[in-house]
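Shown below: entry33.tsv, with TSV, C-alpha atoms.
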```tsv
chain	number	residue	atom	x	y	z
A	87	MET	CA	58.31	22.00	-41.99
A	88	SER	CA	55.07	20.24	-42.76
A	89	TRP	CA	55.46	17.54	-40.07
A	90	LEU	CA	55.97	20.24	-37.46
A	91	ARG	CA	52.76	21.96	-38.55
A	92	TRP	CA	50.85	18.72	-38.29
A	93	ALA	CA	52.39	18.04	-34.92
A	94	LEU	CA	51.37	21.50	-33.70
A	95	LEU	CA	47.86	21.06	-35.06
A	96	ALA	CA	47.62	17.68	-33.34
A	97	ALA	CA	48.88	19.24	-30.10
A	98	VAL	CA	46.25	22.01	-30.31
A	99	PHE	CA	43.45	19.48	-30.87
A	100	ALA	CA	44.80	17.28	-28.10
A	101	GLY	CA	44.66	20.32	-25.81
A	102	LEU	CA	41.10	21.15	-26.88
A	103	GLY	CA	40.14	17.51	-26.37
A	104	LEU	CA	41.62	17.60	-22.89
A	105	PHE	CA	39.62	20.76	-22.07
A	106	ALA	CA	36.40	19.23	-23.45
A	107	TRP	CA	36.95	16.07	-21.42
A	108	GLN	CA	37.75	17.89	-18.19
A	109	LEU	CA	34.87	20.35	-18.62
A	110	SER	CA	32.36	17.55	-19.15
A	111	ARG	CA	33.46	15.70	-16.03
A	112	GLU	CA	31.58	16.25	-12.82
A	113	LYS	CA	33.45	18.60	-10.51
A	114	ASP	CA	34.61	17.13	-7.23
A	115	GLU	CA	35.57	19.86	-4.80
A	116	PHE	CA	35.72	17.56	-1.81
A	117	VAL	CA	39.01	16.85	-0.11
A	118	HIS	CA	38.93	13.11	0.52
A	119	SER	CA	40.56	11.51	3.52
A	120	THR	CA	43.53	9.28	2.72
A	121	MET	CA	43.08	7.43	6.01
A	122	ILE	CA	40.70	4.80	4.60
A	123	GLY	CA	42.03	1.34	5.55
A	124	LYS	CA	44.12	2.77	8.39
A	125	PRO	CA	43.44	2.49	12.13
A	126	ILE	CA	41.92	5.55	13.78
A	127	PRO	CA	44.69	7.52	15.56
A	128	PRO	CA	44.57	7.46	19.38
A	129	PHE	CA	42.45	10.19	20.97
A	130	ASP	CA	40.35	10.78	24.07
A	131	LEU	CA	37.67	13.47	23.93
A	132	PRO	CA	35.59	14.70	26.89
A	133	ALA	CA	31.80	14.60	26.73
A	134	ALA	CA	30.13	17.29	24.60
A	135	VAL	CA	26.80	17.07	26.46
A	136	ALA	CA	25.81	16.00	29.97
A	137	ASP	CA	23.68	12.98	29.03
A	138	ARG	CA	26.16	11.18	26.74
A	139	PRO	CA	29.70	9.98	27.54
A	140	GLY	CA	32.72	11.33	25.66
A	141	LEU	CA	34.51	9.44	22.91
A	142	SER	CA	37.94	7.84	22.71
A	143	SER	CA	39.68	5.74	20.08
A	144	ARG	CA	39.31	2.73	22.41
A	145	ASP	CA	35.51	3.05	22.17
A	146	LEU	CA	35.89	2.66	18.41
A	147	ALA	CA	37.80	-0.62	18.71
A	148	ASP	CA	35.35	-2.51	20.93
A	149	GLY	CA	34.55	-5.20	18.35
A	150	ARG	CA	31.41	-3.60	16.92
A	151	PRO	CA	31.46	-1.57	13.69
A	152	LYS	CA	30.09	1.95	14.03
A	153	LEU	CA	29.30	5.13	12.22
A	154	LEU	CA	31.34	8.13	13.35
A	155	ASN	CA	29.50	11.36	12.59
A	156	VAL	CA	31.50	14.59	12.56
A	157	PHE	CA	29.04	17.43	13.13
A	158	ALA	CA	28.43	20.82	14.72
A	159	SER	CA	25.35	22.65	15.97
A	160	TRP	CA	26.31	25.68	13.84
A	161	CYS	CA	26.35	23.59	10.64
A	162	VAL	CA	23.21	23.84	8.51
A	163	PRO	CA	23.57	20.56	6.52
A	164	CYS	CA	24.08	18.76	9.86
A	165	ALA	CA	20.48	19.63	10.73
A	166	ALA	CA	19.40	18.53	7.25
A	167	GLU	CA	20.84	15.03	7.66
A	168	ALA	CA	19.27	14.46	11.11
A	169	PRO	CA	16.25	12.46	9.79
A	170	ASN	CA	18.57	10.13	7.89
A	171	LEU	CA	20.80	9.61	10.93
A	172	ALA	CA	17.60	8.67	12.78
A	173	ARG	CA	16.77	6.17	10.01
A	174	LEU	CA	20.26	4.68	10.25
A	175	GLU	CA	19.88	4.33	14.02
A	176	ALA	CA	16.45	2.71	13.55
A	177	SER	CA	18.07	0.24	11.11
A	178	GLY	CA	20.42	-0.89	13.86
A	179	ALA	CA	23.49	1.25	13.19
A	180	GLU	CA	25.46	2.32	16.25
A	181	ILE	CA	26.37	5.97	15.79
A	182	VAL	CA	28.94	7.92	17.77
A	183	ALA	CA	29.85	11.54	17.14
A	184	VAL	CA	32.43	14.26	17.42
A	185	ALA	CA	31.14	17.82	17.89
A	186	ILE	CA	33.45	20.33	16.24
A	187	ARG	CA	34.13	23.76	17.82
A	188	ASP	CA	30.88	23.77	19.74
A	189	ARG	CA	29.50	24.90	23.10
A	190	PRO	CA	27.75	22.26	25.29
A	191	GLU	CA	24.55	24.33	25.52
A	192	ASP	CA	24.44	24.73	21.73
A	193	VAL	CA	24.97	21.00	21.15
A	194	ALA	CA	22.26	20.18	23.70
A	195	ALA	CA	19.81	22.59	22.04
A	196	PHE	CA	20.65	21.17	18.59
A	197	LEU	CA	20.03	17.56	19.75
A	198	GLU	CA	16.86	18.63	21.52
A	199	ARG	CA	15.56	20.10	18.28
A	200	TYR	CA	16.75	17.57	15.69
A	201	GLY	CA	17.01	14.37	17.73
A	202	ASN	CA	19.92	12.50	19.29
A	203	PRO	CA	20.90	9.27	17.49
A	204	PHE	CA	24.34	9.18	19.15
A	205	THR	CA	25.50	6.83	21.93
A	206	ARG	CA	28.64	8.90	22.60
A	207	ILE	CA	29.61	12.47	21.71
A	208	GLY	CA	33.17	13.76	22.01
A	209	LYS	CA	33.93	17.46	22.25
A	210	ASP	CA	36.62	18.60	19.79
A	211	ASP	CA	37.21	22.33	20.29
A	212	ILE	CA	40.31	22.66	18.12
A	213	SER	CA	39.39	20.17	15.34
A	214	ALA	CA	42.24	17.92	16.54
A	215	VAL	CA	40.45	14.60	15.98
A	216	GLN	CA	38.94	15.93	12.76
A	217	LEU	CA	42.43	16.71	11.42
A	218	SER	CA	43.80	13.37	12.63
A	219	ILE	CA	41.29	11.38	10.55
A	220	GLY	CA	41.57	13.50	7.41
A	221	SER	CA	38.14	15.11	7.67
A	222	SER	CA	37.89	18.52	6.03
A	223	GLY	CA	34.51	19.79	7.13
A	224	VAL	CA	31.12	19.14	8.70
A	225	PRO	CA	29.13	17.00	8.32
A	226	GLU	CA	31.13	13.91	7.48
A	227	THR	CA	30.39	10.30	8.40
A	228	PHE	CA	33.01	7.57	8.72
A	229	VAL	CA	32.44	3.83	8.84
A	230	ILE	CA	34.76	2.31	11.48
A	231	ASP	CA	35.09	-1.46	11.81
A	232	GLY	CA	35.25	-3.39	15.10
A	233	LYS	CA	39.04	-3.13	15.24
A	234	GLY	CA	38.94	0.66	14.92
A	235	VAL	CA	40.00	0.73	11.26
A	236	ILE	CA	38.48	3.48	9.07
A	237	ARG	CA	36.59	1.73	6.26
A	238	HIS	CA	34.64	4.44	4.47
A	239	GLN	CA	34.16	8.20	4.40
A	240	HIS	CA	30.94	9.96	3.46
A	241	ILE	CA	31.42	13.68	2.80
A	242	GLY	CA	28.54	16.11	3.23
A	243	ASP	CA	25.04	15.55	4.56
A	244	ILE	CA	23.55	12.05	4.35
A	245	ARG	CA	20.83	12.13	1.67
A	246	ASP	CA	18.03	9.55	1.36
A	247	GLY	CA	20.02	7.53	-1.17
A	248	ASP	CA	23.08	7.40	1.06
A	249	VAL	CA	21.33	5.49	3.87
A	250	PRO	CA	21.43	2.04	2.16
A	251	VAL	CA	25.02	2.71	1.02
A	252	LEU	CA	26.15	3.40	4.59
A	253	LEU	CA	24.26	0.34	5.90
A	254	GLU	CA	25.98	-1.77	3.24
A	255	LYS	CA	29.39	-0.35	4.18
A	256	LEU	CA	28.63	-1.18	7.83
A	257	ARG	CA	27.75	-4.75	6.81
A	258	GLU	CA	31.02	-4.99	4.88
A	259	ALA	CA	32.80	-3.80	8.03
A	260	GLY	CA	31.31	-6.76	9.89
A	261	ALA	CA	28.04	-5.53	11.39
B	31	MET	CA	29.13	44.86	5.86
B	32	ILE	CA	26.83	42.45	7.65
B	33	ALA	CA	25.48	45.23	9.86
B	34	THR	CA	24.55	47.23	6.72
B	35	ALA	CA	22.80	44.15	5.35
B	36	ARG	CA	20.61	43.88	8.42
B	37	HIS	CA	19.70	47.57	8.25
B	38	SER	CA	18.71	47.47	4.59
B	39	GLY	CA	16.77	44.29	5.37
B	40	GLU	CA	14.70	46.12	7.94
B	41	SER	CA	14.11	49.14	5.70
B	42	ARG	CA	12.69	46.89	2.98
B	43	ASP	CA	9.50	46.42	4.96
B	44	ARG	CA	9.07	50.14	5.38
B	45	MET	CA	9.40	50.83	1.67
B	46	PRO	CA	6.14	52.14	0.14
B	47	PRO	CA	4.73	50.05	-2.72
B	48	ALA	CA	6.07	51.20	-6.09
B	49	ARG	CA	3.41	53.06	-8.14
B	50	CYS	CA	5.15	53.37	-11.47
B	51	LEU	CA	8.20	52.14	-13.28
B	52	ARG	CA	10.29	55.10	-12.08
B	53	ASP	CA	9.58	54.16	-8.47
B	54	ALA	CA	9.85	50.46	-9.15
B	55	VAL	CA	13.41	50.59	-10.46
B	56	PRO	CA	15.05	51.87	-7.25
B	57	ALA	CA	12.80	49.62	-5.19
B	58	PHE	CA	13.84	46.66	-7.30
B	59	ALA	CA	17.49	47.68	-7.09
B	60	ALA	CA	17.24	47.97	-3.31
B	61	MET	CA	15.60	44.56	-3.03
B	62	THR	CA	18.16	42.96	-5.34
B	63	MET	CA	20.89	44.52	-3.24
B	64	TRP	CA	19.26	43.23	-0.07
B	65	VAL	CA	18.98	39.71	-1.49
B	66	LEU	CA	22.60	39.79	-2.69
B	67	VAL	CA	23.92	41.11	0.61
B	68	SER	CA	21.90	38.66	2.69
B	69	CYS	CA	23.24	35.82	0.51
B	70	LEU	CA	26.74	37.03	1.30
B	71	ALA	CA	25.89	37.30	4.98
B	72	LEU	CA	24.53	33.74	5.19
B	73	PRO	CA	27.83	31.80	5.28
B	74	ALA	CA	28.98	34.05	8.13
B	75	ALA	CA	26.04	32.76	10.18
B	76	ALA	CA	27.22	29.17	9.63
B	77	GLN	CA	30.31	29.69	11.79
B	78	ASP	CA	31.06	28.44	15.23
B	79	SER	CA	30.99	30.74	18.24
B	80	LEU	CA	34.08	29.37	19.99
B	81	PRO	CA	37.19	31.53	20.31
B	82	PRO	CA	40.08	30.56	18.00
B	83	ALA	CA	42.48	27.81	19.15
B	84	PRO	CA	45.19	29.18	21.52
B	85	TYR	CA	47.93	29.20	18.89
B	86	ALA	CA	45.77	30.11	15.89
B	87	TYR	CA	46.75	33.78	16.05
B	88	GLN	CA	49.26	33.68	18.92
B	89	GLN	CA	52.89	33.45	17.82
B	90	LEU	CA	55.38	31.22	19.61
B	91	GLU	CA	57.57	33.03	22.16
B	92	ASP	CA	60.79	31.79	20.62
B	93	PRO	CA	61.30	33.75	17.34
B	94	ALA	CA	63.37	30.93	15.83
B	95	LEU	CA	60.60	28.38	16.44
B	96	GLU	CA	57.95	30.83	15.20
B	97	ALA	CA	59.96	31.33	11.99
B	98	ARG	CA	60.05	27.55	11.42
B	99	ALA	CA	56.32	27.30	12.09
B	100	GLN	CA	55.58	30.25	9.77
B	101	ALA	CA	57.69	28.74	6.96
B	102	LEU	CA	55.81	25.46	7.30
B	103	MET	CA	52.38	27.11	7.46
B	104	GLU	CA	53.06	28.86	4.16
B	105	THR	CA	53.49	25.45	2.48
B	106	LEU	CA	50.24	23.97	3.82
B	107	ARG	CA	46.97	24.48	2.02
B	108	CYS	CA	43.78	25.56	3.74
B	109	LEU	CA	41.18	22.77	3.47
B	110	LYS	CA	38.30	25.25	3.32
B	111	CYS	CA	39.72	27.80	0.90
B	112	GLN	CA	41.51	26.13	-1.94
B	113	SER	CA	43.83	28.94	-3.03
B	114	GLN	CA	45.14	30.05	0.33
B	115	SER	CA	47.79	28.68	2.61
B	116	ILE	CA	46.85	28.19	6.26
B	117	ALA	CA	49.14	31.14	7.05
B	118	ASP	CA	46.87	33.42	4.96
B	119	SER	CA	43.44	32.04	5.82
B	120	ASP	CA	41.03	33.19	8.51
B	121	ALA	CA	38.89	30.05	8.30
B	122	PRO	CA	38.46	28.54	11.80
B	123	MET	CA	39.81	25.22	10.52
B	124	ALA	CA	42.96	26.93	9.21
B	125	GLY	CA	43.36	28.44	12.69
B	126	ASP	CA	43.11	24.96	14.20
B	127	MET	CA	45.75	23.76	11.73
B	128	ARG	CA	48.07	26.64	12.68
B	129	HIS	CA	47.56	25.64	16.34
B	130	GLN	CA	48.60	22.07	15.44
B	131	VAL	CA	51.67	23.30	13.57
B	132	ARG	CA	52.82	25.71	16.30
B	133	THR	CA	52.30	23.30	19.22
B	134	ARG	CA	54.06	20.50	17.36
B	135	ILE	CA	56.98	22.74	16.41
B	136	ALA	CA	57.18	23.95	20.03
B	137	ALA	CA	57.27	20.29	21.13
B	138	GLY	CA	60.35	19.83	18.96
B	139	GLU	CA	58.77	18.03	16.02
B	140	ASP	CA	60.49	18.31	12.64
B	141	PRO	CA	58.56	20.49	10.10
B	142	GLU	CA	58.87	17.78	7.44
B	143	ALA	CA	57.38	15.24	9.85
B	144	ILE	CA	54.37	17.52	10.41
B	145	ARG	CA	53.97	17.94	6.63
B	146	ALA	CA	54.16	14.17	6.21
B	147	TRP	CA	51.56	13.71	8.98
B	148	LEU	CA	49.11	15.97	7.15
B	149	ILE	CA	49.83	14.50	3.71
B	150	GLU	CA	49.15	11.04	5.20
B	151	ARG	CA	45.67	12.32	6.09
B	152	TYR	CA	44.73	14.54	3.17
B	153	GLY	CA	47.02	13.46	0.36
B	154	ASP	CA	48.95	15.90	-1.84
B	155	TYR	CA	45.99	18.29	-1.67
B	156	VAL	CA	47.15	19.71	1.64
B	157	SER	CA	50.61	20.54	0.28
B	158	TYR	CA	50.99	24.08	-0.99
B	159	LYS	CA	54.55	23.44	-2.10
B	160	PRO	CA	54.89	22.32	-5.72
B	161	THR	CA	56.46	18.86	-5.90
B	162	VAL	CA	57.11	16.63	-8.88
B	163	SER	CA	55.04	13.45	-8.59
B	164	ALA	CA	53.37	10.87	-10.82
B	165	THR	CA	50.41	13.23	-11.37
B	166	THR	CA	52.13	16.63	-11.40
B	167	TRP	CA	55.09	15.98	-13.73
B	168	PRO	CA	53.26	17.28	-16.86
B	169	LEU	CA	53.03	20.71	-15.19
B	170	PHE	CA	56.80	20.85	-15.19
B	171	ALA	CA	57.37	18.98	-18.46
B	172	VAL	CA	54.94	20.90	-20.70
B	173	PRO	CA	56.64	24.34	-20.36
B	174	ALA	CA	60.03	22.72	-21.04
B	175	VAL	CA	58.64	21.02	-24.17
B	176	LEU	CA	57.09	24.31	-25.34
B	177	VAL	CA	60.38	26.17	-24.92
B	178	LEU	CA	62.19	23.44	-26.88
B	179	LEU	CA	59.55	23.60	-29.61
B	180	ALA	CA	59.82	27.39	-29.81
B	181	LEU	CA	63.63	27.16	-30.13
B	182	LEU	CA	63.26	24.55	-32.86
B	183	ILE	CA	60.86	26.73	-34.87
B	184	LEU	CA	63.01	29.80	-34.34
B	185	ARG	CA	66.11	27.96	-35.58
B	186	ARG	CA	64.32	26.77	-38.73
B	187	ARG	CA	62.99	30.24	-39.49
B	188	LEU	CA	66.35	31.94	-38.93
B	189	ARG	CA	68.08	29.38	-41.11
B	190	ARG	CA	65.54	29.97	-43.89
B	191	ALA	CA	65.83	33.75	-43.61
B	192	ARG	CA	69.59	33.58	-44.11
```
Show the structure stored in the file as structure tokens.
Amino acid sequence: MSWLRWALLAAVFAGLGLFAWQLSREKDEFVHSTMIGKPIPPFDLPAAVADRPGLSSRDLADGRPKLLNVFASWCVPCAAEAPNLARLEASGAEIVAVAIRDRPEDVAAFLERYGNPFTRIGKDDISAVQLSIGSSGVPETFVIDGKGVIRHQHIGDIRDGDVPVLLEKLREAGA
Amino acid sequence: MIATARHSGESRDRMPPARCLRDAVPAFAAMTMWVLVSCLALPAAAQDSLPPAPYAYQQLEDPALEARAQALMETLRCLKCQSQSIADSDAPMAGDMRHQVRTRIAAGEDPEAIRAWLIERYGDYVSYKPTVSATTWPLFAVPAVLVLLALLILRRRLRRAR
């Protein structure tokens, strides 16, 4: 009987240890894309605003690495990251975007207010491209290499500290 | 709910300043309520204004196809609301996922192929159907071990009691 008691005691402490370990770990509620390292699926989106062309998967495989920003005018953190997108653009990053479930006039007003660092903006009214690249919300920023392969995913708004990380990831992708 | 929040928000300005504790308590309660309700109302403002995708709430005409789509949607997890399937969720993104599922089913795609397509993008997270894998096997093994252990203890006790 005694070995069973010890075994049970050990099991209880192992369980408590597991709880303590899991509770002390930082919580990650993000759903990460599992498309990293894979080519971007084919798509062709119309323009979201009048003064920028739309976006297709061919534009993402033109030999130059890019940042692909998934945003929306109705998304509060998207406005918060605008200054850092401007910094990335000023550092030489080419940034294209997909506007999720958005009206052209709202996108135009948003860009008017927070700045427009994008060379192309595709209009995705049913989150089709978002779903095809494994993005689960706005804002998200993907690093795409010159061949159109997804190299990195940044989830949430781009904070000050994320700017050098994204520039480094772009360099790794061949910029 | 949101409409009520706006009304109580307006009435806050009209509230006379509290002169004693007895007046202050309801005033404080009303303000707390207003703050709580406006916090709840905030995420609703961060929503898009587009109508739902065509097949987000629209069923397929063919009942057999709709049944296949419905069965599949119940096994796919909403990316915005972790404990709901896309069949149960009103999140716009879940609606867009239902549109994907229904149009693909209508185009003759196999439900398992659609599941695989989503799992390729989001990993096991997007699956709302329990499967045994390298990370989930303890969930199935632990109850079995506990039952075995309980039987073992029971047998020892019964044998001793005899």
**Asked** Within 10 Å of chain B, which residues of chain A show up when using all atoms listed in the file, listed as a PyMOL selection string?
**Response** chain A and resi 87+90+94+115-122+124+158-163+186-189+192+211-214+216-223
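CA of Ala134 in chain A is positioned 11.7 Å from CA of Val182 in chain A.
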Requested in this report: Would you list the contacts of Ala99 in chain B as number ranges by chain, taking every protein, DNA or RNA residue within 10 Å and counting only C-alpha atoms, but skipping same-chain residues closer than 3 positions in sequence?
Outcome: B: 89-90, 93-96, 102-104, 117, 128-136, 140-141
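Between CA of Phe157 in chain A and CA of Gln239 in chain A there is a distance of 13.7 Å.
Remark: for Gly178 in chain A, the closest of the candidate residues A:Gly232, A:Gly208, A:Gly242, A:Pro151 is A:Pro151 (distances computed over all atoms listed in the file).
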- prompt: Which residues, written as an MDAnalysis selection string, have at least one atom at most 10 Å from Asn170 in chain A, with all atoms listed in the file counted and residues fewer than 2 positions away on the same chain left out?
  reply: chainID A and resid 166:168 172:176 203 243:249
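If you look at CA of Pro190 in chain A and CA of Leu141 in chain A, they are 14.7 Å away from each other.
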Open item on the list: Which residues are near Asp145 in chain A? Cut-off 10 Å, only C-alpha atoms, ignore same chain within fewer than 2 positions. Put them as a PyMOL selection string.
Closed with: chain A and resi 130+140-143+147-150+152+182+206+232-234
